[in-house]
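A.B. asks: Contents of model-v7.cif (mmCIF, C-alpha atoms):
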```cif
data_model
loop_
_atom_site.label_atom_id
_atom_site.label_comp_id
_atom_site.auth_asym_id
_atom_site.auth_seq_id
_atom_site.Cartn_x
_atom_site.Cartn_y
_atom_site.Cartn_z
CA MET A 51 16.50 -7.11 -54.42
CA GLU A 52 14.86 -3.82 -55.24
CA LYS A 53 11.34 -3.21 -54.00
CA GLU A 54 8.76 -3.11 -56.76
CA ARG A 55 7.53 0.39 -57.55
CA ILE A 56 4.74 1.77 -59.69
CA ILE A 57 5.10 4.95 -61.76
CA LEU A 58 2.05 6.82 -63.03
CA GLY A 59 2.80 9.18 -65.90
CA ILE A 60 0.36 11.85 -67.05
CA ASP A 61 0.18 14.49 -69.75
CA PRO A 62 -2.41 16.88 -68.31
CA GLY A 63 -3.97 18.81 -71.19
CA THR A 64 -7.19 20.80 -71.14
CA THR A 65 -8.83 18.81 -73.96
CA ILE A 66 -7.25 15.35 -73.62
CA MET A 67 -5.34 13.95 -70.67
CA GLY A 68 -3.07 10.98 -71.38
CA TYR A 69 -1.83 8.53 -68.78
CA GLY A 70 0.44 5.51 -68.62
CA VAL A 71 1.44 3.12 -65.83
CA LEU A 72 4.74 1.27 -65.42
CA ARG A 73 5.86 -1.34 -62.88
CA VAL A 74 9.59 -1.31 -62.04
CA ILE A 75 11.07 -4.58 -60.73
CA ASN A 76 14.80 -5.30 -60.47
CA ARG A 77 15.58 -2.08 -62.34
CA LYS A 78 13.43 -3.14 -65.28
CA ALA A 79 10.27 -1.36 -66.43
CA GLU A 80 7.16 -3.33 -67.38
CA TYR A 81 4.13 -1.92 -69.12
CA VAL A 82 0.94 -2.00 -67.02
CA ALA A 83 -1.62 0.29 -68.66
CA LEU A 84 -2.22 3.38 -70.75
CA GLY A 85 -5.20 5.43 -71.84
CA ILE A 86 -6.76 8.83 -72.28
CA ILE A 87 -9.39 10.90 -70.56
CA ASN A 88 -11.33 12.87 -73.13
CA LEU A 89 -12.28 16.32 -71.84
CA LYS A 90 -13.42 17.79 -75.17
CA SER A 91 -17.14 17.29 -74.53
CA ILE A 92 -17.07 19.26 -71.27
CA LYS A 93 -17.79 22.89 -72.10
CA ASN A 94 -17.53 24.33 -68.58
CA HIS A 95 -13.98 25.12 -67.46
CA TYR A 96 -14.60 24.18 -63.81
CA LEU A 97 -16.23 20.89 -64.73
CA THR A 98 -13.15 20.11 -66.83
CA LEU A 99 -10.93 20.75 -63.81
CA LYS A 100 -13.23 18.68 -61.62
CA LYS A 101 -13.07 15.80 -64.11
CA VAL A 102 -9.24 15.98 -64.17
CA PHE A 103 -9.14 15.79 -60.36
CA GLU A 104 -11.60 12.90 -60.21
CA GLU A 105 -9.87 10.90 -62.95
CA VAL A 106 -6.34 11.35 -61.57
CA THR A 107 -7.67 10.38 -58.14
CA LEU A 108 -9.26 7.24 -59.66
CA LEU A 109 -5.98 6.33 -61.39
CA ILE A 110 -4.11 6.76 -58.09
CA GLU A 111 -6.61 4.62 -56.21
CA LYS A 112 -6.57 1.94 -58.93
CA TYR A 113 -2.81 1.62 -59.55
CA LEU A 114 -1.47 2.88 -56.18
CA PRO A 115 1.57 4.57 -57.76
CA ASP A 116 4.68 5.28 -55.70
CA GLU A 117 5.58 8.24 -57.91
CA LEU A 118 3.88 10.58 -60.34
CA ALA A 119 5.66 11.80 -63.49
CA VAL A 120 4.11 14.80 -65.22
CA GLU A 121 4.79 16.08 -68.72
CA ALA A 122 5.01 19.79 -68.06
CA PRO A 123 5.61 22.21 -70.93
CA PHE A 124 7.26 25.37 -69.67
CA PHE A 125 6.27 27.48 -72.64
CA GLU A 126 3.05 27.95 -74.53
CA LYS A 127 1.89 30.14 -77.37
CA ASN A 128 0.50 32.75 -75.00
CA VAL A 129 -0.08 33.53 -71.34
CA GLN A 130 -3.75 32.56 -71.57
CA SER A 131 -2.91 29.01 -72.67
CA MET A 132 -0.29 28.89 -69.94
CA LEU A 133 -2.82 29.89 -67.30
CA LYS A 134 -5.26 27.17 -68.43
CA LEU A 135 -2.51 24.58 -68.62
CA GLY A 136 -1.20 25.65 -65.20
CA ARG A 137 -4.67 25.12 -63.74
CA ALA A 138 -4.96 21.61 -65.22
CA GLN A 139 -1.48 20.79 -63.93
CA GLY A 140 -2.31 22.24 -60.52
CA VAL A 141 -5.41 20.08 -60.26
CA ALA A 142 -3.55 16.90 -61.29
CA ILE A 143 -0.70 17.70 -58.88
CA THR A 144 -3.22 18.25 -56.06
CA ALA A 145 -4.60 14.74 -56.59
CA ALA A 146 -1.08 13.33 -56.10
CA ILE A 147 -0.20 15.65 -53.22
CA THR A 148 -3.30 14.72 -51.25
CA HIS A 149 -2.17 11.09 -51.53
CA ASP A 150 1.39 12.01 -50.44
CA ILE A 151 2.84 10.85 -53.76
CA PRO A 152 6.11 12.53 -54.82
CA ILE A 153 5.97 14.33 -58.16
CA ALA A 154 8.58 14.74 -60.88
CA GLU A 155 8.13 17.00 -63.88
CA TYR A 156 9.70 16.69 -67.29
CA ALA A 157 9.64 19.09 -70.22
CA PRO A 158 8.38 17.53 -73.48
CA LEU A 159 11.82 17.98 -75.08
CA LYS A 160 13.49 16.12 -72.23
CA ILE A 161 11.02 13.22 -72.51
CA LYS A 162 11.46 12.91 -76.28
CA MET A 163 15.24 13.09 -75.91
CA ALA A 164 15.26 10.38 -73.21
CA ILE A 165 13.14 7.97 -75.25
CA THR A 166 14.15 8.55 -78.87
CA GLY A 167 17.45 10.41 -78.53
CA GLN A 168 15.90 13.33 -80.41
CA GLY A 169 14.30 16.37 -78.76
CA ARG A 170 12.31 17.05 -81.93
CA ALA A 171 10.88 13.53 -82.33
CA SER A 172 7.22 13.32 -83.41
CA LYS A 173 4.49 11.82 -81.22
CA GLU A 174 4.46 8.83 -83.59
CA GLN A 175 8.20 8.24 -83.17
CA VAL A 176 7.85 8.37 -79.37
CA ALA A 177 4.86 5.96 -79.52
CA ASN A 178 6.73 3.51 -81.80
CA MET A 179 9.83 3.51 -79.64
CA LEU A 180 7.77 2.92 -76.47
CA CYS A 181 5.96 0.01 -78.15
CA ARG A 182 9.31 -1.57 -79.06
CA ILE A 183 10.91 -1.04 -75.64
CA LEU A 184 7.88 -2.11 -73.59
CA LYS A 185 6.61 -4.79 -76.01
CA ILE A 186 3.22 -3.17 -76.56
CA SER A 187 1.36 -4.08 -79.76
CA VAL A 188 0.90 -0.91 -81.86
CA SER A 189 -2.67 -2.04 -82.60
CA ASP A 190 -3.44 -1.89 -78.87
CA LEU A 191 -2.76 1.85 -78.76
CA PRO A 192 -5.69 4.26 -78.55
CA LYS A 193 -6.10 6.56 -81.57
CA GLU A 194 -5.06 9.61 -79.53
CA LEU A 195 -1.30 9.64 -79.01
CA ASP A 196 -1.72 11.64 -75.80
CA ALA A 197 -1.88 8.26 -74.05
CA THR A 198 1.68 7.40 -75.11
CA ASP A 199 2.68 10.93 -74.00
CA GLY A 200 1.59 9.97 -70.48
CA LEU A 201 3.43 6.65 -70.70
CA ALA A 202 6.48 8.47 -72.11
CA ALA A 203 6.57 10.72 -69.02
CA ALA A 204 6.51 7.59 -66.82
CA TYR A 205 9.29 5.93 -68.84
CA CYS A 206 11.42 9.10 -68.80
CA HIS A 207 11.05 9.19 -65.01
CA PHE A 208 12.04 5.52 -64.83
CA LEU A 209 15.24 6.26 -66.81
CA GLN A 210 16.02 9.30 -64.65
CA THR A 211 15.66 7.43 -61.37
CA ASN A 212 17.04 4.05 -62.38
CA SER A 213 20.78 4.64 -61.98
CA VAL A 214 22.28 4.15 -58.51
CA VAL A 215 23.26 7.83 -58.27
CA SER A 216 19.92 9.23 -59.37
CA SER A 217 17.98 6.77 -57.18
CA ALA A 218 19.88 8.01 -54.12
CA LYS A 219 19.27 11.64 -55.10
CA TYR A 220 15.60 10.92 -55.66
CA LYS A 221 15.31 9.07 -52.34
CA ASN A 222 16.67 12.16 -50.58
CA TRP A 223 14.02 14.26 -52.21
CA LYS A 224 11.30 11.85 -51.10
CA ASP A 225 12.71 11.97 -47.56
CA PHE A 226 12.61 15.75 -47.74
CA VAL A 227 8.93 15.71 -48.62
CA GLY A 228 8.28 13.15 -45.87
CA LYS A 229 10.09 15.19 -43.21
CA ASN A 230 8.47 18.45 -44.19
CA LYS A 231 4.97 17.04 -44.30
CA LYS A 232 4.32 17.35 -40.58
CA LYS A 233 6.01 20.72 -40.35
CA ILE A 234 3.76 22.11 -43.05
CA LYS A 235 0.60 20.70 -41.50
CA ASN A 236 1.22 22.27 -38.10
CA MET B 206 -37.02 36.81 -47.30
CA GLU B 207 -33.78 35.90 -48.99
CA LYS B 208 -31.90 32.90 -47.65
CA GLU B 209 -28.65 33.78 -45.93
CA ARG B 210 -25.59 32.99 -48.01
CA ILE B 211 -21.88 32.97 -47.30
CA ILE B 212 -19.27 34.15 -49.81
CA LEU B 213 -15.62 33.15 -49.47
CA GLY B 214 -13.26 35.38 -51.42
CA ILE B 215 -9.65 34.45 -52.09
CA ASP B 216 -6.63 35.95 -53.78
CA PRO B 217 -4.51 32.89 -54.50
CA GLY B 218 -0.89 33.98 -54.82
CA THR B 219 2.20 31.81 -54.66
CA THR B 220 3.77 33.70 -51.73
CA ILE B 221 0.74 35.00 -49.83
CA MET B 222 -2.86 33.93 -50.15
CA GLY B 223 -5.49 36.34 -48.89
CA TYR B 224 -9.04 35.45 -47.93
CA GLY B 225 -12.18 37.17 -46.74
CA VAL B 226 -15.63 35.96 -45.73
CA LEU B 227 -18.94 37.77 -46.09
CA ARG B 228 -22.46 36.88 -44.95
CA VAL B 229 -25.30 38.15 -47.15
CA ILE B 230 -28.70 38.59 -45.48
CA ASN B 231 -31.62 40.49 -47.01
CA ARG B 232 -29.36 41.73 -49.83
CA LYS B 233 -26.92 43.25 -47.35
CA ALA B 234 -23.32 42.12 -46.90
CA GLU B 235 -21.84 41.69 -43.41
CA TYR B 236 -18.18 41.21 -42.64
CA VAL B 237 -17.35 37.80 -41.07
CA ALA B 238 -13.58 37.29 -41.31
CA LEU B 239 -10.42 38.01 -43.22
CA GLY B 240 -6.81 36.86 -43.08
CA ILE B 241 -3.76 35.64 -44.93
CA ILE B 242 -1.94 32.37 -45.39
CA ASN B 243 1.78 33.01 -45.58
CA LEU B 244 3.49 30.69 -48.06
CA LYS B 245 6.87 32.49 -48.17
CA SER B 246 8.62 30.10 -45.78
CA ILE B 247 7.81 27.03 -47.90
CA LYS B 248 10.64 26.53 -50.36
CA ASN B 249 9.26 23.45 -52.14
CA HIS B 250 6.78 24.24 -54.92
CA TYR B 251 4.66 21.11 -54.30
CA LEU B 252 4.47 21.75 -50.57
CA THR B 253 3.25 25.28 -51.38
CA LEU B 254 0.49 23.84 -53.54
CA LYS B 255 -0.36 21.29 -50.86
CA LYS B 256 -0.59 24.06 -48.26
CA VAL B 257 -2.92 26.09 -50.52
CA PHE B 258 -5.20 23.06 -50.94
CA GLU B 259 -5.24 22.29 -47.22
CA GLU B 260 -5.87 25.87 -46.18
CA VAL B 261 -8.65 26.51 -48.70
CA THR B 262 -10.24 23.21 -47.63
CA LEU B 263 -10.03 24.32 -43.96
CA LEU B 264 -11.66 27.67 -44.82
CA ILE B 265 -14.45 25.87 -46.67
CA GLU B 266 -15.03 23.48 -43.76
CA LYS B 267 -14.95 26.33 -41.22
CA TYR B 268 -17.18 28.89 -42.97
CA LEU B 269 -19.26 26.56 -45.21
CA PRO B 270 -19.45 29.08 -48.07
CA ASP B 271 -22.20 28.87 -50.67
CA GLU B 272 -19.98 30.51 -53.30
CA LEU B 273 -16.30 31.09 -53.93
CA ALA B 274 -15.06 34.33 -55.50
CA VAL B 275 -11.51 34.26 -56.85
CA GLU B 276 -9.32 37.20 -57.79
CA ALA B 277 -7.86 35.96 -61.05
CA PRO B 278 -5.38 38.08 -62.98
CA PHE B 279 -5.47 37.19 -66.66
CA PHE B 280 -2.07 38.65 -67.44
CA GLU B 281 1.30 38.39 -65.79
CA LYS B 282 4.78 39.61 -66.58
CA ASN B 283 5.73 36.33 -68.25
CA VAL B 284 4.47 32.84 -69.04
CA GLN B 285 6.44 31.33 -66.16
CA SER B 286 4.63 33.49 -63.57
CA MET B 287 1.37 32.66 -65.31
CA LEU B 288 2.06 28.94 -65.06
CA LYS B 289 2.81 29.18 -61.32
CA LEU B 290 -0.22 31.36 -60.71
CA GLY B 291 -2.38 29.01 -62.79
CA ARG B 292 -1.27 26.11 -60.62
CA ALA B 293 -2.09 27.95 -57.38
CA GLN B 294 -5.48 28.93 -58.82
CA GLY B 295 -6.08 25.36 -60.01
CA VAL B 296 -5.38 23.99 -56.54
CA ALA B 297 -7.68 26.53 -54.83
CA ILE B 298 -10.42 25.89 -57.40
CA THR B 299 -10.10 22.12 -56.83
CA ALA B 300 -10.77 22.61 -53.12
CA ALA B 301 -14.04 24.38 -54.00
CA ILE B 302 -14.98 21.96 -56.78
CA THR B 303 -14.58 18.92 -54.55
CA HIS B 304 -17.07 20.55 -52.17
CA ASP B 305 -19.46 21.34 -55.07
CA ILE B 306 -19.16 25.08 -54.47
CA PRO B 307 -19.78 27.30 -57.51
CA ILE B 308 -16.89 29.57 -58.46
CA ALA B 309 -16.83 33.07 -59.89
CA GLU B 310 -13.67 34.79 -61.07
CA TYR B 311 -12.94 38.48 -61.24
CA ALA B 312 -10.00 40.31 -62.77
CA PRO B 313 -8.19 42.67 -60.34
CA LEU B 314 -9.27 45.70 -62.41
CA LYS B 315 -12.92 44.67 -62.20
CA ILE B 316 -12.69 44.24 -58.42
CA LYS B 317 -11.04 47.63 -57.90
CA MET B 318 -13.56 49.27 -60.19
CA ALA B 319 -16.51 47.67 -58.37
CA ILE B 320 -15.31 48.77 -54.93
CA THR B 321 -13.62 52.15 -55.47
CA GLY B 322 -14.94 53.18 -58.88
CA GLN B 323 -11.34 53.25 -60.16
CA GLY B 324 -9.64 50.39 -61.98
CA ARG B 325 -6.26 51.78 -60.99
CA ALA B 326 -6.97 52.15 -57.25
CA SER B 327 -4.14 51.13 -54.88
CA LYS B 328 -4.41 48.21 -52.45
CA GLU B 329 -4.65 50.83 -49.65
CA GLN B 330 -7.60 52.59 -51.31
CA VAL B 331 -9.41 49.25 -51.74
CA ALA B 332 -8.71 48.35 -48.08
CA ASN B 333 -9.91 51.74 -46.81
CA MET B 334 -13.08 51.60 -48.85
CA LEU B 335 -13.86 48.06 -47.63
CA CYS B 336 -13.30 49.12 -44.01
CA ARG B 337 -15.77 51.99 -44.47
CA ILE B 338 -18.42 49.91 -46.25
CA LEU B 339 -18.18 46.88 -43.96
CA LYS B 340 -17.44 48.79 -40.73
CA ILE B 341 -14.10 47.10 -40.09
CA SER B 342 -11.60 48.93 -37.86
CA VAL B 343 -8.46 49.71 -39.91
CA SER B 344 -6.37 48.67 -36.88
CA ASP B 345 -7.87 45.16 -37.12
CA LEU B 346 -6.40 44.61 -40.58
CA PRO B 347 -3.36 42.38 -40.96
CA LYS B 348 -0.20 44.11 -42.21
CA GLU B 349 -0.41 42.30 -45.55
CA LEU B 350 -3.08 43.84 -47.73
CA ASP B 351 -3.55 40.55 -49.58
CA ALA B 352 -6.20 39.79 -46.95
CA THR B 353 -8.34 42.70 -48.09
CA ASP B 354 -7.73 41.55 -51.69
CA GLY B 355 -9.51 38.31 -50.78
CA LEU B 356 -12.33 40.21 -49.06
CA ALA B 357 -12.52 42.56 -52.06
CA ALA B 358 -13.12 39.57 -54.37
CA ALA B 359 -15.95 38.43 -52.08
CA TYR B 360 -17.49 41.93 -52.00
CA CYS B 361 -17.20 42.31 -55.77
CA HIS B 362 -19.03 39.00 -56.16
CA PHE B 363 -21.71 40.20 -53.72
CA LEU B 364 -22.25 43.33 -55.85
CA GLN B 365 -22.35 41.31 -59.08
CA THR B 366 -24.93 38.85 -57.78
CA ASN B 367 -27.06 41.16 -55.67
CA SER B 368 -29.34 42.69 -58.29
CA VAL B 369 -32.51 40.78 -59.21
CA VAL B 370 -31.31 40.25 -62.80
CA SER B 371 -27.82 39.07 -61.92
CA SER B 372 -29.13 36.84 -59.11
CA ALA B 373 -31.39 35.06 -61.61
CA LYS B 374 -28.53 34.71 -64.10
CA TYR B 375 -26.27 33.37 -61.39
CA LYS B 376 -28.92 30.94 -60.16
CA ASN B 377 -29.14 29.52 -63.68
CA TRP B 378 -25.42 28.96 -63.71
CA LYS B 379 -25.56 27.16 -60.37
CA ASP B 380 -28.38 25.00 -61.72
CA PHE B 381 -26.25 24.25 -64.76
CA VAL B 382 -23.40 23.03 -62.56
CA GLY B 383 -25.84 21.01 -60.46
CA LYS B 384 -27.43 19.33 -63.48
CA ASN B 385 -24.14 18.55 -65.18
CA LYS B 386 -22.51 17.14 -62.06
CA LYS B 387 -24.03 13.67 -62.44
CA LYS B 388 -23.50 13.64 -66.19
CA ILE B 389 -19.83 14.38 -65.75
CA LYS B 390 -19.39 11.76 -63.05
CA ASN B 391 -20.85 8.95 -65.15
#
```
Please, can you express the file's structure as structure tokens?
C.D. replies:
Amino acid sequence: MEKERIILGIDPGTTIMGYGVLRVINRKAEYVALGIINLKSIKNHYLTLKKVFEEVTLLIEKYLPDELAVEAPFFEKNVQSMLKLGRAQGVAITAAITHDIPIAEYAPLKIKMAITGQGRASKEQVANMLCRILKISVSDLPKELDATDGLAAAYCHFLQTNSVVSSAKYKNWKDFVGKNKKKIKN
Amino acid sequence: MEKERIILGIDPGTTIMGYGVLRVINRKAEYVALGIINLKSIKNHYLTLKKVFEEVTLLIEKYLPDELAVEAPFFEKNVQSMLKLGRAQGVAITAAITHDIPIAEYAPLKIKMAITGQGRASKEQVANMLCRILKISVSDLPKELDATDGLAAAYCHFLQTNSVVSSAKYKNWKDFVGKNKKKIKN
């Protein structure tokens, strides 16, 4: 019997950060939680980054995830947006790294493709499909669909790591991080 | 008499991170330390980010800086480099934020201009000028000039905050961070 594992998925934006939590037992994913962290009211860039770090840390301490899945766009309108996004991602990744949690990143297109079969699916289509698969009532969703973006990242990671082959590959990667940890510290 | 303050300057790259430390007493800057953290040997992106976080945290715990000055380029060759750089910056900034240290950022051109009077000065010219101003023996410098880039950021910040007007402006900003800290946490 497979050990239970928890996946935390996040979509780290600079105005809204979405998150979702899945529990995987016997190769099946169960919905645990989802939500958003609203960063719009924080006008200072550093306080936004601080909030991201604190909130991701809280999520990690609350749900004790075994893995973190991050929605990571690799292109943005301009380099300035990319720098800001990179900073928010870097902060969220740090929160996971300092808890020794392995990280997997997925491009938005890959996530949409994995869940709906269409790389160009809308946020609504992704949300609806997730509700059907994970038996979440649509009325329970927060207004901001960034929350389902976080959950979508977690579900995409579940699909990627759920086959026997990919699980083995992923385990090797986790071992790699584990082995290198001490080496890096010294 | 002005209270002594310590400025930590860093140049957070993804292959080499440079740092420099200055002590400011009676509106005069004294050299304390400089060095580099070599990240080239770490092949895993997350382990690089982890190392940056750990090393910046160590520097903060060792030198107890009152302020962090970051060399922050606002443009890069492409969005991919910008994303990576943004992540490294985000991680370094998190280390300061979690210690409630105010951060100031300076573009490379601004730093070069402040120290040499020329925005297009070479790394060597910046290093030589810093050695003259801060009475550092050139033979004491590490081979990698990224170290003096970190020190240059610290010195630029010293110059920016050393006049009566700019000190007052900067103090207000620190107060702003202080006041908003609790608000953000709740």
A.B. asks: Point out the residue among B:Leu288, B:Ile298, B:Ala332, B:Ile265 with the least atom-to-atom distance to chain A, counting only C-alpha atoms.
C.D. replies: B:Leu288
A.B. asks: For chain B, which residues have at least one atom within 9 Å of chain A, if we go by only C-alpha atoms? Write them as a ChimeraX atom specification, please.
C.D. replies: /B:247,249,251-256,258-259,279-281,283-285,287-299,302-303,307-308,382,385-386,389-390
A.B. asks: Would you kindly return, as a list in words, each protein, DNA or RNA residue with an atom no farther than 12 Å from any atom of Ala234 of chain B, considering all atoms listed in the file and excluding same-chain residues fewer than 2 positions away?
C.D. replies: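 Everything that qualifies: Glu209, Arg210, Ile211, Ile212, Val226, Leu227, Arg228, Val229, Ile230, Asn231, Arg232, Tyr236, Val237, Leu335, Ile338, Leu339, Lys340, Leu356, Ala357, Ala359, Tyr360, Cys361, His362, Phe363, Leu364, Thr366 and Asn367 of chain B.
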A.B. asks: Could you list, as a PyMOL selection string, every residue matched by the PyMOL selection byres ((chain B and resi 224) around 12) in this structure?
C.D. replies: chain B and resi 212-218+221-223+225-227+237-243+257+260-261+263-265+268+273-276+297+347+349-360
A.B. asks: Report, in Å to a single decimal, how far apart atom CA of Val176 of chain A and atom CA of Leu191 of chain A are.
C.D. replies: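 One can read the atom CA of Leu191 of chain A to atom CA of Val176 of chain A distance as 12.5 Å.
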A.B. asks: Measuring between all atoms listed in the file, which one of A:Ala122, A:Leu114, A:Ile165, A:Ile151 shows the shortest distance to Gln210 of chain A?
C.D. replies: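 Checking each candidate against Gln210 of chain A, we get A:Ile165 as the closest.
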A.B. asks: Go ahead and compute the interatomic distance for atom CA of Lys53 of chain A and atom CA of Asp116 of chain A, in Å to one decimal.
C.D. replies: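 Taking atom CA of Lys53 of chain A and atom CA of Asp116 of chain A, their separation equals 10.9 Å.
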A.B. asks: Do you have the atom CA of Thr219 of chain B-atom CA of Ala312 of chain B distance handy?
C.D. replies: 16.9 Å
A.B. asks: Hey, can I get the axis-aligned box for segment 63-70 of chain A? All listed atoms, 5 Å padding on each side, centre and edge lengths in Å to one decimal, as JSON.
C.D. replies:
```
{"center_x": -4.2, "center_y": 13.2, "center_z": -71.3, "size_x": 19.3, "size_y": 25.3, "size_z": 15.3}
```
A.B. asks: Could you write segment 289-310 of chain B as a PDB file, in the coordinates of the input, with N, CA and C atoms rebuilt where they are missing?
C.D. replies:
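The result, stored in out_5.pdb:
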```pdb
ATOM      1  N   LYS B 289       2.819  29.347 -62.789  1.00  0.00           N
ATOM      2  CA  LYS B 289       2.810  29.180 -61.320  1.00  0.00           C
ATOM      3  C   LYS B 289       1.486  29.660 -60.729  1.00  0.00           C
ATOM      4  N   LEU B 290       1.036  30.810 -61.206  1.00  0.00           N
ATOM      5  CA  LEU B 290      -0.220  31.360 -60.710  1.00  0.00           C
ATOM      6  C   LEU B 290      -1.375  30.442 -61.085  1.00  0.00           C
ATOM      7  N   GLY B 291      -1.346  29.939 -62.323  1.00  0.00           N
ATOM      8  CA  GLY B 291      -2.380  29.010 -62.790  1.00  0.00           C
ATOM      9  C   GLY B 291      -2.444  27.789 -61.896  1.00  0.00           C
ATOM     10  N   ARG B 292      -1.295  27.289 -61.507  1.00  0.00           N
ATOM     11  CA  ARG B 292      -1.270  26.110 -60.620  1.00  0.00           C
ATOM     12  C   ARG B 292      -1.899  26.417 -59.275  1.00  0.00           C
ATOM     13  N   ALA B 293      -1.527  27.574 -58.685  1.00  0.00           N
ATOM     14  CA  ALA B 293      -2.090  27.950 -57.380  1.00  0.00           C
ATOM     15  C   ALA B 293      -3.615  28.123 -57.503  1.00  0.00           C
ATOM     16  N   GLN B 294      -4.048  28.756 -58.602  1.00  0.00           N
ATOM     17  CA  GLN B 294      -5.480  28.930 -58.820  1.00  0.00           C
ATOM     18  C   GLN B 294      -6.158  27.565 -58.989  1.00  0.00           C
ATOM     19  N   GLY B 295      -5.528  26.691 -59.758  1.00  0.00           N
ATOM     20  CA  GLY B 295      -6.080  25.360 -60.010  1.00  0.00           C
ATOM     21  C   GLY B 295      -6.286  24.582 -58.721  1.00  0.00           C
ATOM     22  N   VAL B 296      -5.310  24.697 -57.831  1.00  0.00           N
ATOM     23  CA  VAL B 296      -5.380  23.990 -56.540  1.00  0.00           C
ATOM     24  C   VAL B 296      -6.529  24.557 -55.693  1.00  0.00           C
ATOM     25  N   ALA B 297      -6.624  25.896 -55.633  1.00  0.00           N
ATOM     26  CA  ALA B 297      -7.680  26.530 -54.830  1.00  0.00           C
ATOM     27  C   ALA B 297      -9.053  26.185 -55.400  1.00  0.00           C
ATOM     28  N   ILE B 298      -9.155  26.215 -56.735  1.00  0.00           N
ATOM     29  CA  ILE B 298     -10.420  25.890 -57.400  1.00  0.00           C
ATOM     30  C   ILE B 298     -10.806  24.431 -57.124  1.00  0.00           C
ATOM     31  N   THR B 299      -9.822  23.531 -57.110  1.00  0.00           N
ATOM     32  CA  THR B 299     -10.100  22.120 -56.830  1.00  0.00           C
ATOM     33  C   THR B 299     -10.743  21.956 -55.457  1.00  0.00           C
ATOM     34  N   ALA B 300     -10.221  22.697 -54.475  1.00  0.00           N
ATOM     35  CA  ALA B 300     -10.770  22.610 -53.120  1.00  0.00           C
ATOM     36  C   ALA B 300     -12.256  22.952 -53.129  1.00  0.00           C
ATOM     37  N   ALA B 301     -12.634  23.982 -53.917  1.00  0.00           N
ATOM     38  CA  ALA B 301     -14.040  24.380 -54.000  1.00  0.00           C
ATOM     39  C   ALA B 301     -14.858  23.354 -54.786  1.00  0.00           C
ATOM     40  N   ILE B 302     -14.289  22.913 -55.898  1.00  0.00           N
ATOM     41  CA  ILE B 302     -14.980  21.960 -56.780  1.00  0.00           C
ATOM     42  C   ILE B 302     -15.310  20.660 -56.050  1.00  0.00           C
ATOM     43  N   THR B 303     -14.355  20.176 -55.255  1.00  0.00           N
ATOM     44  CA  THR B 303     -14.580  18.920 -54.550  1.00  0.00           C
ATOM     45  C   THR B 303     -15.639  19.062 -53.452  1.00  0.00           C
ATOM     46  N   HIS B 304     -15.972  20.306 -53.122  1.00  0.00           N
ATOM     47  CA  HIS B 304     -17.070  20.550 -52.170  1.00  0.00           C
ATOM     48  C   HIS B 304     -18.326  21.039 -52.899  1.00  0.00           C
ATOM     49  N   ASP B 305     -18.324  20.912 -54.231  1.00  0.00           N
ATOM     50  CA  ASP B 305     -19.460  21.340 -55.070  1.00  0.00           C
ATOM     51  C   ASP B 305     -19.875  22.791 -54.839  1.00  0.00           C
ATOM     52  N   ILE B 306     -18.883  23.657 -54.667  1.00  0.00           N
ATOM     53  CA  ILE B 306     -19.160  25.080 -54.470  1.00  0.00           C
ATOM     54  C   ILE B 306     -18.947  25.810 -55.796  1.00  0.00           C
ATOM     55  N   PRO B 307     -19.964  26.561 -56.263  1.00  0.00           N
ATOM     56  CA  PRO B 307     -19.780  27.300 -57.510  1.00  0.00           C
ATOM     57  C   PRO B 307     -18.710  28.391 -57.371  1.00  0.00           C
ATOM     58  N   ILE B 308     -18.019  28.632 -58.469  1.00  0.00           N
ATOM     59  CA  ILE B 308     -16.890  29.570 -58.460  1.00  0.00           C
ATOM     60  C   ILE B 308     -17.158  30.724 -59.399  1.00  0.00           C
ATOM     61  N   ALA B 309     -16.773  31.911 -58.987  1.00  0.00           N
ATOM     62  CA  ALA B 309     -16.830  33.070 -59.890  1.00  0.00           C
ATOM     63  C   ALA B 309     -15.453  33.725 -59.850  1.00  0.00           C
ATOM     64  N   GLU B 310     -14.990  34.167 -61.006  1.00  0.00           N
ATOM     65  CA  GLU B 310     -13.670  34.790 -61.070  1.00  0.00           C
ATOM     66  C   GLU B 310     -13.788  36.245 -61.477  1.00  0.00           C
TER      67      GLU B 310
END
```
